[in-house]
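Please read the structure below before turning to the comments.
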Amino acid sequence: MTVMIIRLKNKQVGGMTHYRVEGRGTTKAEAVTVGRGTMKYTPEYIPRTKVEVVVKDDQVDLILSNIMDRLGANEISGKIFVLEVPLTFDIRTGSKGESAI
């Protein structure tokens, strides 16, 4: 994760948010030992990390290729969703649009 943050910073990404989340999908959870090691159960949800980054339109392809170069060769699974942000406001400065990013 630290390497990704440094790479994004070097690409002039102003900020990012990351969350510890739980979810389920096609990856099956592994059994976990509980108690004093006498019982095992398979959790319903798997711990994950969710990262959100908002960038200018002209940075999207560069950021995506950078992430895929770094993580694509590893056995890390996950998804990248690219969503359109119709309008952005910066509360502190009052700016809006791309200048607020």
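Here, A, B, ... name the chains of the structure tokens in the order displayed, residue numbers run from 1 inside each chain, and ligands are numbered from 1 in the same displayed order.
Counting only C-alpha atoms, stretch 20-29 of chain A has the following residues at most 6 Å away, ignoring those fewer than 6 positions along the same chain: Tyr45, Ile46, Pro47, Arg48 and Thr49 of chain A.
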What's the 9 Å shell around A:Glu30, counting only C-alpha atoms, without same-chain residues fewer than 6 positions away, as a PyMOL selection string?
chain A and resi 41-43+46
In chain A, DSSP alpha helix (DSSP H) residues written as JSON, numbers by chain:
{"A": [2, 3, 4, 5, 6, 7, 8, 9, 10, 60, 61, 62, 63, 64, 65, 66, 67, 68, 69, 70, 71]}
Under the rule that only C-alpha atoms are counted, which of A:Val85, A:Val53, A:Leu71, A:Val34 is the nearest residue to A:Gly97?
A:Val85
